[in-house]
$ cat final24.json   # JSON, C-alpha atoms
[["chain", "number", "residue", "atom", "x", "y", "z"],
["A", 1, "MET", "CA", 21.55, 33.58, -0.32],
["A", 2, "GLU", "CA", 25.10, 33.82, 0.97],
["A", 3, "TYR", "CA", 28.03, 33.72, -1.47],
["A", 4, "ARG", "CA", 31.52, 32.40, -0.80],
["A", 5, "THR", "CA", 34.73, 32.51, -2.83],
["A", 6, "LEU", "CA", 35.70, 29.23, -4.47],
["A", 7, "GLY", "CA", 39.38, 28.63, -3.88],
["A", 8, "ARG", "CA", 41.53, 31.13, -5.78],
["A", 9, "THR", "CA", 39.23, 31.18, -8.82],
["A", 10, "GLY", "CA", 37.62, 34.50, -7.97],
["A", 11, "PHE", "CA", 34.20, 32.82, -8.40],
["A", 12, "ASN", "CA", 31.72, 33.91, -5.72],
["A", 13, "VAL", "CA", 29.29, 31.01, -5.54],
["A", 14, "SER", "CA", 26.07, 30.40, -3.65],
["A", 15, "SER", "CA", 26.65, 28.68, -0.31],
["A", 16, "ILE", "CA", 23.98, 26.14, -1.25],
["A", 17, "SER", "CA", 24.33, 25.23, -4.90],
["A", 18, "PHE", "CA", 22.80, 22.65, -7.24],
["A", 19, "GLY", "CA", 24.03, 19.06, -7.51],
["A", 20, "ALA", "CA", 22.83, 17.65, -10.82],
["A", 21, "TRP", "CA", 23.37, 13.92, -10.30],
["A", 22, "ALA", "CA", 19.71, 13.11, -9.61],
["A", 23, "ILE", "CA", 18.44, 14.81, -12.75],
["A", 24, "GLY", "CA", 20.77, 12.64, -14.83],
["A", 25, "GLY", "CA", 20.02, 9.18, -13.53],
["A", 26, "THR", "CA", 20.44, 6.37, -10.95],
["A", 27, "TRP", "CA", 17.99, 8.07, -8.59],
["A", 28, "GLY", "CA", 14.83, 6.55, -10.00],
["A", 29, "GLU", "CA", 12.65, 7.97, -12.73],
["A", 30, "VAL", "CA", 12.74, 11.72, -13.27],
["A", 31, "ARG", "CA", 11.09, 13.76, -16.02],
["A", 32, "ASP", "CA", 13.09, 16.38, -17.86],
["A", 33, "GLU", "CA", 10.35, 18.97, -17.39],
["A", 34, "ASP", "CA", 10.54, 18.44, -13.61],
["A", 35, "SER", "CA", 14.32, 18.64, -13.70],
["A", 36, "LEU", "CA", 14.20, 21.90, -15.60],
["A", 37, "GLY", "CA", 11.68, 23.20, -13.09],
["A", 38, "ALA", "CA", 14.17, 22.45, -10.31],
["A", 39, "LEU", "CA", 16.98, 24.17, -12.20],
["A", 40, "HIS", "CA", 14.90, 27.27, -12.89],
["A", 41, "LYS", "CA", 13.80, 27.46, -9.25],
["A", 42, "ALA", "CA", 17.44, 27.25, -8.19],
["A", 43, "LEU", "CA", 18.35, 30.30, -10.27],
["A", 44, "ASP", "CA", 15.24, 32.10, -9.03],
["A", 45, "MET", "CA", 16.51, 31.66, -5.47],
["A", 46, "GLY", "CA", 20.00, 32.97, -6.12],
["A", 47, "VAL", "CA", 21.91, 29.80, -6.97],
["A", 48, "ASN", "CA", 24.75, 30.52, -9.40],
["A", 49, "PHE", "CA", 26.77, 27.29, -9.36],
["A", 50, "ILE", "CA", 25.72, 23.91, -10.79],
["A", 51, "ASP", "CA", 27.76, 20.74, -10.42],
["A", 52, "THR", "CA", 27.34, 17.84, -12.83],
["A", 53, "ALA", "CA", 29.35, 15.04, -14.47],
["A", 54, "ASP", "CA", 29.65, 13.48, -17.89],
["A", 55, "VAL", "CA", 28.32, 10.15, -16.61],
["A", 56, "TYR", "CA", 25.14, 11.50, -15.01],
["A", 57, "GLY", "CA", 22.62, 9.97, -17.36],
["A", 58, "ASP", "CA", 25.39, 9.56, -19.96],
["A", 59, "GLY", "CA", 25.30, 13.31, -20.64],
["A", 60, "ARG", "CA", 21.62, 13.87, -19.89],
["A", 61, "SER", "CA", 22.37, 16.11, -16.92],
["A", 62, "GLU", "CA", 24.83, 18.22, -18.91],
["A", 63, "ARG", "CA", 22.36, 18.63, -21.76],
["A", 64, "LEU", "CA", 19.63, 19.81, -19.36],
["A", 65, "ILE", "CA", 22.02, 22.45, -18.03],
["A", 66, "ALA", "CA", 22.68, 23.59, -21.60],
["A", 67, "GLN", "CA", 18.93, 23.92, -22.10],
["A", 68, "LEU", "CA", 18.67, 25.96, -18.90],
["A", 69, "ARG", "CA", 21.35, 28.30, -20.18],
["A", 70, "SER", "CA", 19.40, 28.83, -23.39],
["A", 71, "GLU", "CA", 16.27, 29.74, -21.40],
["A", 72, "ARG", "CA", 17.84, 32.15, -18.90],
["A", 73, "THR", "CA", 19.81, 35.35, -19.26],
["A", 74, "GLU", "CA", 21.63, 35.49, -15.92],
["A", 75, "PRO", "CA", 25.10, 33.91, -15.81],
["A", 76, "PHE", "CA", 25.97, 30.92, -13.64],
["A", 77, "PHE", "CA", 29.04, 28.75, -13.14],
["A", 78, "VAL", "CA", 29.14, 25.16, -14.39],
["A", 79, "ALA", "CA", 31.37, 22.48, -12.93],
["A", 80, "THR", "CA", 31.54, 19.03, -14.45],
["A", 81, "LYS", "CA", 33.58, 15.92, -13.80],
["A", 82, "ALA", "CA", 35.50, 13.44, -15.93],
["A", 83, "GLY", "CA", 37.00, 10.01, -15.49],
["A", 84, "ARG", "CA", 34.16, 7.65, -14.65],
["A", 85, "ARG", "CA", 33.63, 6.77, -18.31],
["A", 86, "LEU", "CA", 36.55, 4.39, -17.95],
["A", 87, "PRO", "CA", 35.37, 0.76, -17.91],
["A", 88, "LYS", "CA", 37.89, 0.17, -15.11],
["A", 89, "GLN", "CA", 39.56, 2.79, -12.98],
["A", 90, "THR", "CA", 43.32, 2.92, -13.64],
["A", 91, "VAL", "CA", 45.86, 5.70, -13.45],
["A", 92, "GLU", "CA", 46.83, 5.01, -17.05],
["A", 93, "GLY", "CA", 43.25, 5.60, -18.12],
["A", 94, "TYR", "CA", 43.62, 9.29, -17.32],
["A", 95, "SER", "CA", 45.66, 9.86, -20.47],
["A", 96, "LYS", "CA", 45.84, 13.08, -22.45],
["A", 97, "ALA", "CA", 43.78, 11.52, -25.24],
["A", 98, "ASN", "CA", 41.06, 10.37, -22.86],
["A", 99, "LEU", "CA", 40.91, 13.61, -20.91],
["A", 100, "HIS", "CA", 40.62, 15.63, -24.11],
["A", 101, "ALA", "CA", 37.91, 13.34, -25.46],
["A", 102, "TRP", "CA", 35.89, 13.47, -22.24],
["A", 103, "VAL", "CA", 36.12, 17.23, -21.95],
["A", 104, "LYS", "CA", 35.30, 17.76, -25.63],
["A", 105, "ARG", "CA", 32.17, 15.65, -25.15],
["A", 106, "SER", "CA", 31.15, 17.65, -22.09],
["A", 107, "LEU", "CA", 31.71, 20.91, -23.94],
["A", 108, "ASP", "CA", 29.42, 19.65, -26.70],
["A", 109, "ASN", "CA", 26.77, 18.55, -24.21],
["A", 110, "LEU", "CA", 26.93, 21.83, -22.31],
["A", 111, "LYS", "CA", 27.21, 23.94, -25.48],
["A", 112, "LEU", "CA", 30.16, 25.79, -23.99],
["A", 113, "GLU", "CA", 33.57, 26.80, -25.28],
["A", 114, "THR", "CA", 35.21, 26.58, -21.85],
["A", 115, "ILE", "CA", 34.29, 24.69, -18.68],
["A", 116, "ASP", "CA", 34.44, 26.84, -15.54],
["A", 117, "LEU", "CA", 35.65, 24.01, -13.30],
["A", 118, "LEU", "CA", 36.66, 20.52, -14.39],
["A", 119, "GLN", "CA", 37.00, 17.94, -11.63],
["A", 120, "LEU", "CA", 38.65, 14.53, -11.76],
["A", 121, "HIS", "CA", 35.83, 12.15, -10.83],
["A", 122, "CYS", "CA", 37.03, 9.99, -7.94],
["A", 123, "PRO", "CA", 40.16, 8.62, -9.66],
["A", 124, "PRO", "CA", 42.40, 5.93, -8.13],
["A", 125, "THR", "CA", 44.39, 7.03, -5.08],
["A", 126, "ASP", "CA", 47.71, 6.41, -6.85],
["A", 127, "LEU", "CA", 46.89, 9.10, -9.40],
["A", 128, "TYR", "CA", 47.69, 11.69, -6.74],
["A", 129, "ARG", "CA", 51.22, 10.31, -6.39],
["A", 130, "SER", "CA", 52.21, 11.40, -9.90],
["A", 131, "ASP", "CA", 52.07, 14.86, -11.43],
["A", 132, "THR", "CA", 51.43, 13.60, -14.98],
["A", 133, "VAL", "CA", 47.66, 14.14, -15.01],
["A", 134, "PHE", "CA", 47.94, 17.54, -13.36],
["A", 135, "SER", "CA", 50.40, 18.63, -16.06],
["A", 136, "ILE", "CA", 47.81, 17.62, -18.66],
["A", 137, "LEU", "CA", 45.17, 19.68, -16.84],
["A", 138, "GLU", "CA", 47.49, 22.69, -16.86],
["A", 139, "GLU", "CA", 47.87, 22.31, -20.64],
["A", 140, "MET", "CA", 44.10, 22.11, -21.05],
["A", 141, "LYS", "CA", 43.77, 25.27, -19.00],
["A", 142, "SER", "CA", 46.32, 27.03, -21.20],
["A", 143, "ASP", "CA", 44.49, 25.82, -24.30],
["A", 144, "GLY", "CA", 41.23, 27.35, -23.05],
["A", 145, "MET", "CA", 39.28, 24.11, -22.66],
["A", 146, "ILE", "CA", 38.91, 24.68, -18.91],
["A", 147, "ARG", "CA", 39.24, 27.73, -16.66],
["A", 148, "HIS", "CA", 40.12, 25.87, -13.49],
["A", 149, "TYR", "CA", 40.35, 22.33, -12.21],
["A", 150, "GLY", "CA", 39.71, 20.46, -9.00],
["A", 151, "ILE", "CA", 39.14, 16.95, -7.70],
["A", 152, "SER", "CA", 36.25, 14.85, -6.42],
["A", 153, "VAL", "CA", 37.40, 12.28, -3.88],
["A", 154, "GLU", "CA", 36.16, 9.40, -1.78],
["A", 155, "THR", "CA", 38.59, 9.68, 1.15],
["A", 156, "VAL", "CA", 40.27, 12.30, 3.29],
["A", 157, "GLU", "CA", 43.61, 10.73, 2.34],
["A", 158, "GLU", "CA", 42.93, 11.46, -1.34],
["A", 159, "ALA", "CA", 41.89, 15.01, -0.49],
["A", 160, "MET", "CA", 45.11, 15.63, 1.42],
["A", 161, "LEU", "CA", 47.21, 14.21, -1.42],
["A", 162, "GLY", "CA", 45.33, 16.22, -4.04],
["A", 163, "ILE", "CA", 45.76, 19.63, -2.44],
["A", 164, "GLN", "CA", 49.54, 19.26, -2.68],
["A", 165, "TYR", "CA", 49.17, 20.28, -6.34],
["A", 166, "GLU", "CA", 49.20, 24.04, -6.70],
["A", 167, "GLY", "CA", 46.66, 24.12, -9.53],
["A", 168, "VAL", "CA", 43.94, 22.28, -7.61],
["A", 169, "GLN", "CA", 41.32, 24.90, -6.79],
["A", 170, "SER", "CA", 38.66, 22.74, -5.18],
["A", 171, "VAL", "CA", 37.97, 19.43, -3.50],
["A", 172, "GLN", "CA", 34.57, 17.79, -3.66],
["A", 173, "ILE", "CA", 34.12, 15.43, -0.72],
["A", 174, "ILE", "CA", 31.25, 13.78, 1.14],
["A", 175, "PHE", "CA", 30.49, 15.91, 4.20],
["A", 176, "ASN", "CA", 27.25, 15.82, 6.13],
["A", 177, "LEU", "CA", 25.77, 15.08, 9.55],
["A", 178, "PHE", "CA", 26.85, 11.44, 9.08],
["A", 179, "ARG", "CA", 30.35, 12.11, 7.71],
["A", 180, "LEU", "CA", 32.31, 14.49, 9.95],
["A", 181, "LYS", "CA", 35.86, 13.24, 9.35],
["A", 182, "PRO", "CA", 36.81, 15.88, 6.74],
["A", 183, "SER", "CA", 36.42, 18.59, 9.39],
["A", 184, "ASP", "CA", 39.04, 16.97, 11.66],
["A", 185, "THR", "CA", 42.18, 18.09, 9.82],
["A", 186, "PHE", "CA", 41.46, 18.43, 6.11],
["A", 187, "PHE", "CA", 39.43, 21.61, 6.39],
["A", 188, "THR", "CA", 42.30, 23.39, 8.13],
["A", 189, "GLU", "CA", 44.80, 22.33, 5.46],
["A", 190, "ALA", "CA", 42.47, 23.31, 2.63],
["A", 191, "ALA", "CA", 41.93, 26.75, 4.18],
["A", 192, "LYS", "CA", 45.69, 27.28, 4.49],
["A", 193, "ARG", "CA", 46.07, 26.61, 0.77],
["A", 194, "GLN", "CA", 42.93, 28.56, -0.19],
["A", 195, "VAL", "CA", 41.32, 25.48, -1.70],
["A", 196, "GLY", "CA", 37.55, 25.50, -2.04],
["A", 197, "ILE", "CA", 35.44, 22.67, -0.62],
["A", 198, "LEU", "CA", 32.26, 21.34, -2.22],
["A", 199, "ALA", "CA", 30.24, 19.26, 0.24],
["A", 200, "ARG", "CA", 28.69, 16.48, -1.79],
["A", 201, "VAL", "CA", 25.99, 13.98, -0.74],
["A", 202, "PRO", "CA", 24.93, 16.58, 1.86],
["A", 203, "LEU", "CA", 21.66, 14.79, 2.65],
["A", 204, "ALA", "CA", 23.13, 11.27, 2.81],
["A", 205, "SER", "CA", 21.17, 10.08, -0.24],
["A", 206, "GLY", "CA", 17.95, 11.39, 1.24],
["A", 207, "LEU", "CA", 18.27, 9.82, 4.69],
["A", 208, "LEU", "CA", 18.72, 13.28, 6.17],
["A", 209, "THR", "CA", 15.43, 14.49, 4.75],
["A", 210, "GLY", "CA", 13.75, 12.47, 7.50],
["A", 211, "LYS", "CA", 11.24, 11.10, 5.01],
["A", 212, "MET", "CA", 12.45, 7.49, 4.96],
["A", 213, "ASN", "CA", 11.59, 4.58, 7.22],
["A", 214, "ALA", "CA", 12.28, 0.87, 7.54],
["A", 215, "ASN", "CA", 9.67, 0.10, 4.86],
["A", 216, "SER", "CA", 10.85, 2.61, 2.26],
["A", 217, "SER", "CA", 11.49, 1.08, -1.16],
["A", 218, "PHE", "CA", 13.39, 2.34, -4.19],
["A", 219, "GLU", "CA", 13.13, 1.80, -7.93],
["A", 220, "LYS", "CA", 15.48, -0.70, -9.55],
["A", 221, "SER", "CA", 17.23, 2.17, -11.35],
["A", 222, "ASP", "CA", 17.94, 3.93, -8.03],
["A", 223, "HIS", "CA", 21.42, 3.41, -6.58],
["A", 224, "ARG", "CA", 19.80, 3.25, -3.14],
["A", 225, "ALA", "CA", 18.38, -0.10, -4.26],
["A", 226, "PHE", "CA", 21.43, -1.56, -6.00],
["A", 227, "ASN", "CA", 24.53, -0.07, -4.37],
["A", 228, "ARG", "CA", 24.07, -0.38, -0.61],
["A", 229, "ASN", "CA", 27.12, -2.62, -0.34],
["A", 230, "GLY", "CA", 29.13, -1.01, -3.13],
["A", 231, "GLU", "CA", 28.00, -3.34, -5.89],
["A", 232, "ALA", "CA", 28.26, -0.62, -8.58],
["A", 233, "PHE", "CA", 30.57, 2.01, -7.06],
["A", 234, "ASP", "CA", 31.94, 3.03, -3.68],
["A", 235, "LYS", "CA", 29.32, 2.22, -1.04],
["A", 236, "GLY", "CA", 30.06, 5.53, 0.67],
["A", 237, "GLU", "CA", 28.10, 7.19, -2.13],
["A", 238, "THR", "CA", 24.88, 5.51, -0.93],
["A", 239, "PHE", "CA", 23.54, 6.67, 2.45],
["A", 240, "SER", "CA", 27.10, 7.94, 3.08],
["A", 241, "GLY", "CA", 28.12, 4.36, 3.87],
["A", 242, "VAL", "CA", 26.01, 4.28, 7.03],
["A", 243, "PRO", "CA", 23.98, 1.08, 7.58],
["A", 244, "TYR", "CA", 20.39, 1.97, 6.76],
["A", 245, "ALA", "CA", 18.91, 1.03, 10.14],
["A", 246, "ILE", "CA", 21.62, 2.98, 11.97],
["A", 247, "GLY", "CA", 20.93, 6.00, 9.77],
["A", 248, "LEU", "CA", 17.23, 5.88, 10.62],
["A", 249, "GLU", "CA", 18.04, 5.74, 14.34],
["A", 250, "ALA", "CA", 20.40, 8.71, 14.01],
["A", 251, "VAL", "CA", 17.72, 10.70, 12.22],
["A", 252, "GLU", "CA", 15.35, 10.21, 15.15],
["A", 253, "ARG", "CA", 18.03, 11.52, 17.51],
["A", 254, "LEU", "CA", 18.59, 14.53, 15.27],
["A", 255, "ARG", "CA", 14.93, 15.54, 14.99],
["A", 256, "PRO", "CA", 14.72, 17.30, 18.38],
["A", 257, "LEU", "CA", 17.61, 19.56, 17.32],
["A", 258, "VAL", "CA", 15.74, 21.01, 14.33],
["A", 259, "PRO", "CA", 14.66, 24.63, 15.02],
["A", 260, "ASN", "CA", 10.95, 25.39, 14.96],
["A", 261, "GLY", "CA", 9.72, 26.19, 11.48],
["A", 262, "SER", "CA", 12.56, 24.32, 9.75],
["A", 263, "SER", "CA", 12.72, 20.87, 8.21],
["A", 264, "LEU", "CA", 15.40, 18.26, 8.88],
["A", 265, "THR", "CA", 16.59, 18.81, 5.29],
["A", 266, "GLN", "CA", 17.11, 22.50, 5.95],
["A", 267, "PHE", "CA", 18.77, 21.80, 9.27],
["A", 268, "ALA", "CA", 21.24, 19.42, 7.60],
["A", 269, "LEU", "CA", 22.14, 22.00, 4.96],
["A", 270, "ARG", "CA", 22.39, 24.87, 7.44],
["A", 271, "TRP", "CA", 24.67, 22.74, 9.61],
["A", 272, "ILE", "CA", 27.10, 22.38, 6.70],
["A", 273, "GLY", "CA", 27.00, 26.14, 6.21],
["A", 274, "MET", "CA", 28.28, 26.62, 9.76],
["A", 275, "PHE", "CA", 31.73, 25.55, 8.54],
["A", 276, "PRO", "CA", 33.41, 28.57, 6.92],
["A", 277, "GLU", "CA", 35.91, 26.35, 5.12],
["A", 278, "VAL", "CA", 33.09, 24.86, 3.03],
["A", 279, "THR", "CA", 32.44, 26.90, -0.10],
["A", 280, "CYS", "CA", 29.07, 25.30, -0.77],
["A", 281, "SER", "CA", 26.97, 22.20, -0.39],
["A", 282, "ILE", "CA", 25.46, 20.69, -3.53],
["A", 283, "PRO", "CA", 22.14, 18.98, -2.75],
["A", 284, "GLY", "CA", 20.18, 17.50, -5.61],
["A", 285, "ALA", "CA", 16.58, 18.27, -6.46],
["A", 286, "LYS", "CA", 14.28, 16.43, -8.86],
["A", 287, "ASN", "CA", 11.57, 19.10, -8.95],
["A", 288, "ALA", "CA", 10.93, 22.74, -8.12],
["A", 289, "THR", "CA", 9.41, 22.01, -4.71],
["A", 290, "GLN", "CA", 12.50, 20.11, -3.53],
["A", 291, "ALA", "CA", 14.72, 22.87, -4.89],
["A", 292, "GLU", "CA", 12.81, 25.59, -3.06],
["A", 293, "GLN", "CA", 13.00, 23.69, 0.22],
["A", 294, "ASN", "CA", 16.73, 23.10, -0.17],
["A", 295, "PHE", "CA", 17.77, 26.62, -1.01],
["A", 296, "ALA", "CA", 15.59, 28.25, 1.65],
["A", 297, "ALA", "CA", 18.03, 26.75, 4.18],
["A", 298, "ALA", "CA", 20.56, 29.42, 3.22],
["A", 299, "ASP", "CA", 18.38, 32.05, 4.91],
["A", 300, "LEU", "CA", 18.15, 30.29, 8.27],
["A", 301, "PRO", "CA", 19.94, 31.87, 11.27],
["A", 302, "PRO", "CA", 23.19, 30.32, 12.55],
["A", 303, "LEU", "CA", 22.87, 27.25, 14.74],
["A", 304, "GLU", "CA", 23.65, 27.46, 18.45],
["A", 305, "ALA", "CA", 26.96, 26.08, 19.75],
["A", 306, "SER", "CA", 25.02, 23.62, 21.92],
["A", 307, "THR", "CA", 23.30, 22.28, 18.79],
["A", 308, "MET", "CA", 26.62, 21.75, 17.03],
["A", 309, "GLN", "CA", 27.90, 19.89, 20.10],
["A", 310, "ALA", "CA", 24.79, 17.71, 20.18],
["A", 311, "VAL", "CA", 25.33, 16.73, 16.54],
["A", 312, "GLN", "CA", 28.92, 15.78, 17.33],
["A", 313, "ALA", "CA", 27.74, 13.60, 20.23],
["A", 314, "ILE", "CA", 25.25, 11.74, 18.03],
["A", 315, "TYR", "CA", 27.99, 11.12, 15.50],
["A", 316, "ASP", "CA", 30.49, 9.95, 18.13],
["A", 317, "ASN", "CA", 28.03, 7.64, 19.86],
["A", 318, "LEU", "CA", 26.24, 6.11, 16.89],
["A", 319, "ILE", "CA", 27.82, 6.82, 13.51],
["A", 320, "ARG", "CA", 31.59, 7.13, 13.94],
["A", 321, "GLN", "CA", 32.29, 3.41, 14.29],
["A", 322, "HIS", "CA", 30.63, 2.71, 10.93],
["A", 323, "VAL", "CA", 32.32, 5.31, 8.73],
["A", 324, "HIS", "CA", 35.23, 7.17, 10.31],
["A", 325, "GLY", "CA", 37.90, 4.59, 9.56],
["A", 326, "SER", "CA", 36.77, 3.87, 5.99],
["A", 327, "TRP", "CA", 36.79, 7.26, 4.31]]
$ encode --input "final24.json" --output "structure tokens"
Amino acid sequence: MEYRTLGRTGFNVSSISFGAWAIGGTWGEVRDEDSLGALHKALDMGVNFIDTADVYGDGRSERLIAQLRSERTEPFFVATKAGRRLPKQTVEGYSKANLHAWVKRSLDNLKLETIDLLQLHCPPTDLYRSDTVFSILEEMKSDGMIRHYGISVETVEEAMLGIQYEGVQSVQIIFNLFRLKPSDTFFTEAAKRQVGILARVPLASGLLTGKMNANSSFEKSDHRAFNRNGEAFDKGETFSGVPYAIGLEAVERLRPLVPNGSSLTQFALRWIGMFPEVTCSIPGAKNATQAEQNFAAADLPPLEASTMQAVQAIYDNLIRQHVHGSW
């Protein structure tokens, strides 16, 4: 496992870390014993950073991480997110009272005294045009509720606005084989400011595992069944906003690029690791087998320049028109 420094925090985190959305909910049924198996396997393979949120299973994900901590002796970093408990996203909703209540709840769920990294969870764009919330976060840092803070965003515009604030240590943004826009200019600016990047939705909601086809179906509780057009939240969260049929076609074009002995999943994760500006990707895993397959990608050799160029060509020819202008 490779380790990279997260922003200016001094945290050296695994280049492939654990995204704990799926073990909380909205990804179909998952058993807690399987989720814990995935978490344990992650630590076994050198993962030392877990990303969650207070709304993942209404705290279920956070509580599973607390249980993991009670069962293991080695330390690991925990990042969580706050803000999506609002019934409607407004700048005013990110008040001091709300932020304190959300973080206190997460601390209780996680059984921690201090959160390593608190991230604003895809707040409204206008929030980044006022320093009020960031002043509150600085106070919370001084009070010992959080060690550091960052942001989780939907768009490159929001990422660029957010890194103007000196205290922002990290940006969590969708970046994968279907979403290349962040690497155009944002990565360079983040590197200049020593801001860490967490690549979320790295497998495009499972499309980039190569295991789906035109007849694949999903449980009613799975966002891949109910959010394809953004019915519940931003549609870019589901299949990275790529039309499903187009995604399947792109996968078939990507398959010949996968090195012998590797899976498409591992190729997708190793591709992200080729960008030095990215601190880590955060794939989810619902069981130990998925976790093992994900984290083994960290040990793969670097991809050839010709392979990187081929990925870019597939994006430009097939995917760009569907996503580049939206996020």
$ residues_around --input "final24.json" --residues "region 87-97 of chain A" --least-positions-apart "4" --cutoff "8 Å" --atoms "all atoms listed in the file" --output "ChimeraX atom specification"
/A:83,101,123-124,126-127,133,136
$ write_last_selection --input "final24.json" --atoms "C-alpha atoms" --output "tab-separated table (two decimals), keeping the file's coordinate frame"
chain	number	residue	atom	x	y	z
A	83	GLY	CA	37.00	10.01	-15.49
A	101	ALA	CA	37.91	13.34	-25.46
A	123	PRO	CA	40.16	8.62	-9.66
A	124	PRO	CA	42.40	5.93	-8.13
A	126	ASP	CA	47.71	6.41	-6.85
A	127	LEU	CA	46.89	9.10	-9.40
A	133	VAL	CA	47.66	14.14	-15.01
A	136	ILE	CA	47.81	17.62	-18.66
$ residues_around --input "final24.json" --residues "region 30-39 of chain A" --least-positions-apart "4" --cutoff "6 Å" --atoms "all atoms listed in the file" --output "PyMOL selection string"
chain A and resi 23+286-288+291
$ residues_around --input "final24.json" --residues "Asn229 (chain A)" --least-positions-apart "6" --cutoff "10 Å" --atoms "only C-alpha atoms" --output "count of residues only"
5
$ atom_distance --input "final24.json" --atom1 "CA of Thr125 (chain A)" --atom2 "CA of Ser152 (chain A)"
11.4 Å
$ atom_distance --input "final24.json" --atom1 "CA of Phe226 (chain A)" --atom2 "CA of Thr26 (chain A)"
9.4 Å
$ closest_residue --input "final24.json" --among "A:Ile65, A:Ala305, A:Leu137, A:Ala214" --to "Leu257 (chain A)" --atoms "only C-alpha atoms"
A:Ala305
$ closest_residue --input "final24.json" --among "A:Ala22, A:Ala191, A:Ala310, A:Met45" --to "Ser170 (chain A)" --atoms "all atoms listed in the file"
A:Ala191
$ atom_distance --input "final24.json" --atom1 "CA of Ile50 (chain A)" --atom2 "CA of Arg63 (chain A)"
12.6 Å
$ residues_near_point --input "final24.json" --point "(39.6, 25.3, 0.0)" --cutoff "9 Å" --atoms "only C-alpha atoms" --output "list in words"
Leu6, Gly7, Arg8, Ile163, Gln169, Ser170, Val171, Phe187, Thr188, Glu189, Ala190, Ala191, Lys192, Arg193, Gln194, Val195, Gly196, Ile197, Leu198, Glu277, Val278 and Thr279 of chain A
$ write_last_selection --input "final24.json" --atoms "C-alpha atoms" --output "compact mmCIF listing (two decimals), keeping the file's coordinate frame"
# COMPACT_ATOMS: atom_id res chain seq x y z
CA LEU A 6 35.70 29.23 -4.47
CA GLY A 7 39.38 28.63 -3.88
CA ARG A 8 41.53 31.13 -5.78
CA ILE A 163 45.76 19.63 -2.44
CA GLN A 169 41.32 24.90 -6.79
CA SER A 170 38.66 22.74 -5.18
CA VAL A 171 37.97 19.43 -3.50
CA PHE A 187 39.43 21.61 6.39
CA THR A 188 42.30 23.39 8.13
CA GLU A 189 44.80 22.33 5.46
CA ALA A 190 42.47 23.31 2.63
CA ALA A 191 41.93 26.75 4.18
CA LYS A 192 45.69 27.28 4.49
CA ARG A 193 46.07 26.61 0.77
CA GLN A 194 42.93 28.56 -0.19
CA VAL A 195 41.32 25.48 -1.70
CA GLY A 196 37.55 25.50 -2.04
CA ILE A 197 35.44 22.67 -0.62
CA LEU A 198 32.26 21.34 -2.22
CA GLU A 277 35.91 26.35 5.12
CA VAL A 278 33.09 24.86 3.03
CA THR A 279 32.44 26.90 -0.10
$ closest_residue --input "final24.json" --among "A:Val13, A:Val242, A:Leu86, A:Ala199" --to "Gly273 (chain A)" --atoms "only C-alpha atoms"
A:Ala199
$ residues_around --input "final24.json" --residues "Thr114 (chain A)" --least-positions-apart "6" --cutoff "12 Å" --atoms "only C-alpha atoms" --output "PyMOL selection string"
chain A and resi 77-80+103-108+140-149
$ closest_residue --input "final24.json" --among "A:Gln266, A:Thr52, A:Thr73, A:Ser17" --to "Asp299 (chain A)" --atoms "all atoms listed in the file"
A:Gln266
$ residues_around --input "final24.json" --residues "Met1 (chain A)" --least-positions-apart "3" --cutoff "7 Å" --atoms "all atoms listed in the file" --output "number ranges by chain"
A: 14, 46, 298-299
$ write_last_selection --input "final24.json" --atoms "C-alpha atoms" --output "PDB file, keeping the file's coordinate frame"
ATOM      1  CA  SER A  14      26.070  30.400  -3.650  1.00  0.00           C
ATOM      2  CA  GLY A  46      20.000  32.970  -6.120  1.00  0.00           C
ATOM      3  CA  ALA A 298      20.560  29.420   3.220  1.00  0.00           C
ATOM      4  CA  ASP A 299      18.380  32.050   4.910  1.00  0.00           C
TER       5      ASP A 299
END
$ residues_near_point --input "final24.json" --point "(31.0, 19.8, -11.5)" --cutoff "10 Å" --atoms "all atoms listed in the file" --output "PyMOL selection string"
chain A and resi 18-21+49-54+62+77-82+115-121+149-152+172+198+282
$ closest_residue --input "final24.json" --among "A:Glu158, A:Glu237, A:Asp222, A:Glu249" --to "Phe175 (chain A)" --atoms "all atoms listed in the file"
A:Glu237
$ closest_residue --input "final24.json" --among "A:Tyr56, A:Phe218, A:Trp102, A:Phe233" --to "Glu154 (chain A)" --atoms "only C-alpha atoms"
A:Phe233
